[in-house]
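Trainee: Got a structure for you, input.cif, holding mmCIF, C-alpha atoms.
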data_target
#
loop_
_atom_site.label_atom_id
_atom_site.label_comp_id
_atom_site.auth_asym_id
_atom_site.auth_seq_id
_atom_site.Cartn_x
_atom_site.Cartn_y
_atom_site.Cartn_z
CA MET A 1 -98.08 -96.15 -27.81
CA LEU A 2 -95.10 -95.30 -25.66
CA LEU A 3 -97.31 -93.55 -23.14
CA ALA A 4 -99.29 -96.73 -22.59
CA LEU A 5 -96.10 -98.56 -21.63
CA ALA A 6 -94.84 -95.90 -19.22
CA PRO A 7 -94.85 -96.95 -15.56
CA MET A 8 -97.99 -95.95 -13.69
CA PRO A 9 -97.60 -93.59 -10.71
CA ALA A 10 -98.09 -95.10 -7.26
CA VAL A 11 -101.74 -95.11 -6.19
CA ALA A 12 -102.73 -94.40 -2.61
CA GLN A 13 -104.13 -97.42 -0.83
CA GLY A 14 -107.79 -97.43 0.10
CA PRO A 15 -109.19 -98.27 3.52
CA ASP A 16 -108.56 -101.62 5.18
CA ILE A 17 -112.00 -103.23 4.99
CA THR A 18 -110.95 -106.41 6.79
CA LYS A 19 -111.47 -104.92 10.25
CA ALA A 20 -113.38 -102.18 12.06
CA GLN A 21 -111.95 -98.70 11.75
CA PRO A 22 -111.00 -96.89 14.95
CA GLU A 23 -113.82 -94.91 16.47
CA LEU A 24 -114.31 -91.63 14.59
CA PRO A 25 -114.72 -88.17 16.16
CA LYS A 26 -118.20 -87.71 17.60
CA GLU A 27 -120.65 -84.83 17.38
CA ARG A 28 -124.04 -84.06 18.83
CA LEU A 29 -127.16 -84.73 16.76
CA VAL A 30 -130.78 -84.12 17.79
CA ILE A 31 -133.88 -85.59 16.19
CA THR A 32 -137.14 -83.77 16.91
CA THR A 33 -140.21 -85.90 16.23
CA ARG A 34 -143.46 -84.53 14.83
CA ASP A 35 -144.92 -84.42 18.36
CA GLY A 36 -142.05 -82.20 19.58
CA VAL A 37 -140.03 -84.80 21.50
CA GLN A 38 -136.28 -84.37 21.14
CA HIS A 39 -133.88 -87.31 21.08
CA GLN A 40 -130.17 -86.62 21.53
CA PHE A 41 -127.41 -88.72 19.99
CA ASN A 42 -123.63 -88.60 20.04
CA VAL A 43 -122.68 -89.89 16.59
CA GLU A 44 -119.42 -90.68 14.86
CA MET A 45 -118.81 -88.48 11.82
CA ALA A 46 -117.90 -90.32 8.59
CA LEU A 47 -116.66 -87.43 6.46
CA THR A 48 -114.01 -88.86 4.13
CA PRO A 49 -114.54 -91.45 1.39
CA ASP A 50 -112.32 -93.94 3.28
CA GLN A 51 -114.31 -93.47 6.51
CA GLN A 52 -117.55 -93.84 4.58
CA THR A 53 -116.37 -97.00 2.81
CA VAL A 54 -115.71 -98.78 6.13
CA GLY A 55 -118.55 -97.21 8.14
CA LEU A 56 -119.75 -99.55 10.90
CA MET A 57 -118.27 -102.71 9.34
CA PHE A 58 -117.20 -105.34 11.88
CA ARG A 59 -118.63 -103.40 14.85
CA PRO A 60 -120.30 -105.87 17.23
CA SER A 61 -122.85 -103.29 18.41
CA VAL A 62 -124.00 -99.68 18.19
CA PRO A 63 -124.74 -97.77 21.42
CA PRO A 64 -128.43 -96.85 21.98
CA GLU A 65 -127.64 -93.10 21.77
CA GLY A 66 -124.82 -93.55 19.26
CA GLY A 67 -124.49 -94.19 15.56
CA MET A 68 -122.67 -92.86 12.52
CA LEU A 69 -123.53 -89.89 10.32
CA PHE A 70 -122.32 -90.07 6.71
CA ASP A 71 -122.05 -86.52 5.37
CA TRP A 72 -122.08 -86.65 1.58
CA GLY A 73 -121.12 -82.95 1.39
CA THR A 74 -123.89 -82.20 -1.08
CA SER A 75 -127.28 -83.68 -1.98
CA ARG A 76 -127.01 -86.96 -3.88
CA ASP A 77 -128.57 -90.39 -4.08
CA SER A 78 -127.40 -92.56 -1.20
CA GLN A 79 -127.08 -96.27 -1.80
CA MET A 80 -125.87 -98.30 1.17
CA TRP A 81 -125.32 -101.99 1.83
CA MET A 82 -124.47 -104.15 4.82
CA ARG A 83 -121.30 -105.85 3.53
CA ASN A 84 -119.15 -106.84 6.53
CA THR A 85 -121.63 -105.15 8.88
CA ILE A 86 -122.40 -107.70 11.57
CA THR A 87 -125.08 -105.89 13.54
CA PRO A 88 -128.51 -104.87 12.19
CA LEU A 89 -129.05 -101.15 11.69
CA ASP A 90 -131.72 -98.56 11.04
CA MET A 91 -130.69 -96.22 8.20
CA VAL A 92 -132.12 -92.72 8.23
CA PHE A 93 -131.77 -90.74 4.99
CA ILE A 94 -131.75 -86.98 5.59
CA ASN A 95 -132.51 -84.11 3.17
CA ALA A 96 -130.25 -81.04 2.96
CA ASP A 97 -132.67 -79.07 5.18
CA GLY A 98 -132.45 -81.70 7.94
CA THR A 99 -135.82 -83.38 7.37
CA ILE A 100 -135.94 -87.15 7.23
CA ARG A 101 -136.63 -88.34 3.67
CA SER A 102 -136.81 -92.11 4.26
CA ILE A 103 -135.95 -94.80 6.79
CA ALA A 104 -134.82 -98.41 6.32
CA GLU A 105 -135.45 -100.32 9.54
CA HIS A 106 -133.69 -103.50 10.71
CA THR A 107 -131.30 -103.87 7.78
CA VAL A 108 -129.92 -107.39 7.37
CA PRO A 109 -126.33 -107.97 8.55
CA GLU A 110 -123.85 -108.81 5.78
CA SER A 111 -126.44 -108.40 3.03
CA LEU A 112 -125.31 -107.08 -0.34
CA ALA A 113 -128.80 -105.80 -1.15
CA ILE A 114 -128.81 -102.08 -1.97
CA ILE A 115 -130.61 -99.85 0.55
CA ASP A 116 -131.61 -96.75 -1.39
CA SER A 117 -132.48 -93.27 -0.11
CA ARG A 118 -135.23 -92.96 -2.76
CA GLY A 119 -134.03 -89.53 -3.80
CA GLN A 120 -131.23 -87.11 -3.13
CA VAL A 121 -130.11 -86.61 0.47
CA ARG A 122 -127.33 -84.70 2.19
CA ALA A 123 -126.59 -87.40 4.78
CA THR A 124 -127.28 -90.93 5.97
CA LEU A 125 -127.53 -91.75 9.66
CA GLU A 126 -126.95 -95.31 10.87
CA LEU A 127 -128.45 -96.21 14.25
CA ALA A 128 -128.84 -99.45 16.19
CA ALA A 129 -131.70 -101.51 14.73
CA GLY A 130 -135.00 -100.74 16.39
CA THR A 131 -134.05 -97.20 17.42
CA THR A 132 -136.42 -95.43 15.03
CA ALA A 133 -139.40 -97.56 16.13
CA ARG A 134 -138.49 -97.31 19.84
CA LEU A 135 -138.26 -93.50 19.66
CA ASN A 136 -141.13 -93.06 17.18
CA ILE A 137 -138.84 -91.41 14.61
CA ARG A 138 -140.56 -91.10 11.23
CA VAL A 139 -140.28 -89.55 7.77
CA GLY A 140 -140.66 -85.76 8.01
CA ASP A 141 -139.09 -85.51 11.48
CA ARG A 142 -136.27 -82.97 11.81
CA VAL A 143 -132.58 -83.68 12.38
CA GLN A 144 -130.49 -80.90 13.90
CA GLN A 145 -126.76 -81.08 13.28
CA ARG A 146 -124.13 -78.57 12.15
CA ILE A 147 -123.95 -79.99 8.60
CA PHE A 148 -127.56 -78.93 8.00
CA GLY A 149 -126.91 -75.40 9.34
CA ASN A 150 -129.79 -75.68 11.78
CA THR A 151 -128.15 -75.92 15.21
CA ARG A 152 -128.38 -73.30 17.90
#
Before we go any further, please render this structure as structure tokens.
Mentor:
Amino acid sequence: MLLALAPMPAVAQGPDITKAQPELPKERLVITTRDGVQHQFNVEMALTPDQQTVGLMFRPSVPPEGGMLFDWGTSRDSQMWMRNTITPLDMVFINADGTIRSIAEHTVPESLAIIDSRGQVRATLELAAGTTARLNIRVGDRVQQRIFGNTR
């Protein structure tokens, strides 16, 4: 019983989710569509749990060739939501081999509805809403980025 009354150690604070996080380091990402067209992006890399928790919250817009790549580090189910995200997004769920598993287009700003990858993925890519339709990006297309080990 004495252990239960001992003072708890200080706990590190989580991310401040009341404002947008500073822009994260960017890396190149290429999506090759099934007809061979390549689309290049310069995406922010959300690598840590704190960066992933905040994501694109409070950002007023996403550049047409920008976005954010959430690297989960290993294959897992990805469940996203739009809490505090004020601009609509397309969410691209990417398998460990770099192929696109599923896409959620035009997600609803500030919605708490879960957006599910529908299976295990290595990463989730958030793009400006309408990007996947505009560029004809579909399930099965290939994403090239260093985390998938498929860049040249």
Trainee: Kindly provide, as lines of an AutoDock Vina configuration file, the centre and edge lengths (Å, one decimal) of an axis-aligned box around all atoms of segment 129-144 of chain A given in the file, with 3 Å on each side.
Mentor:
center_x = -135.8
center_y = -91.2
center_z = 13.8
size_x = 16.6
size_y = 26.6
size_z = 18.1
Trainee: Expand the PyMOL selection byres ((chain A and resi 18-21) around 10) into the explicit residue set it covers here, and present it as a list of chain:residue names.
Mentor: A:Pro15, A:Asp16, A:Ile17, A:Pro22, A:Glu23, A:Leu24, A:Asp50, A:Gln51, A:Val54, A:Gly55, A:Leu56, A:Met57, A:Phe58, A:Arg59, A:Pro60, A:Asn84, A:Thr85
Trainee: Given the PyMOL selection byres ((chain A and resi 48) around 10) and the file above, list the residues it selects as a PyMOL selection string.
Mentor: chain A and resi 45-47+49-53+70-73
Trainee: Once the PyMOL selection byres ((chain A and resi 108) around 10) is applied to the coordinates I shared, what remains selected? I want it as an MDAnalysis selection string.
Mentor: chainID A and resid 81:83 85:90 105:107 109:113 129
Trainee: May I ask which of the residues A:Met68, A:Ala104, A:Val143, A:Ala133 is the closest one to Asp116 of chain A, counting all atoms listed in the file?
Mentor: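 That would be A:Ala104, the residue with the smallest distance to Asp116 of chain A.
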Trainee: Have a look at A:Thr131, A:Ser75, A:Ser117, A:Gln38 and name the one nearest to Val62 of chain A; count all atoms listed in the file.
Mentor: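 When distances to Val62 of chain A are compared using all atoms listed in the file, the smallest one comes from A:Thr131.
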Trainee: Between atom CA of Gly130 of chain A and atom CA of Thr151 of chain A, what is the distance in Å, rounded to a tenth?
Mentor: 25.8 Å
Trainee: Report, in Å to a single decimal, how far apart atom CA of Thr32 of chain A and atom CA of Thr74 of chain A are.
Mentor: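 So the answer is 22.4 Å.
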Trainee: Select, from A:Ser61, A:Gln120, A:Ser102, A:Gln79, the residue with the minimum atom-to-atom distance to Thr132 of chain A, counting all atoms listed in the file.
Mentor: A:Ser102
Trainee: Work out how far apart atom CA of Met91 of chain A and atom CA of Arg28 of chain A are and give it in Å to one decimal.
Mentor: 17.5 Å
Trainee: Do you know which residues are at most 9 Å from Val43 of chain A counting only C-alpha atoms, after dropping those on the same chain fewer than 6 positions away, and could you put them as number ranges by chain?
Mentor: A: 24-29, 65-69, 125-127
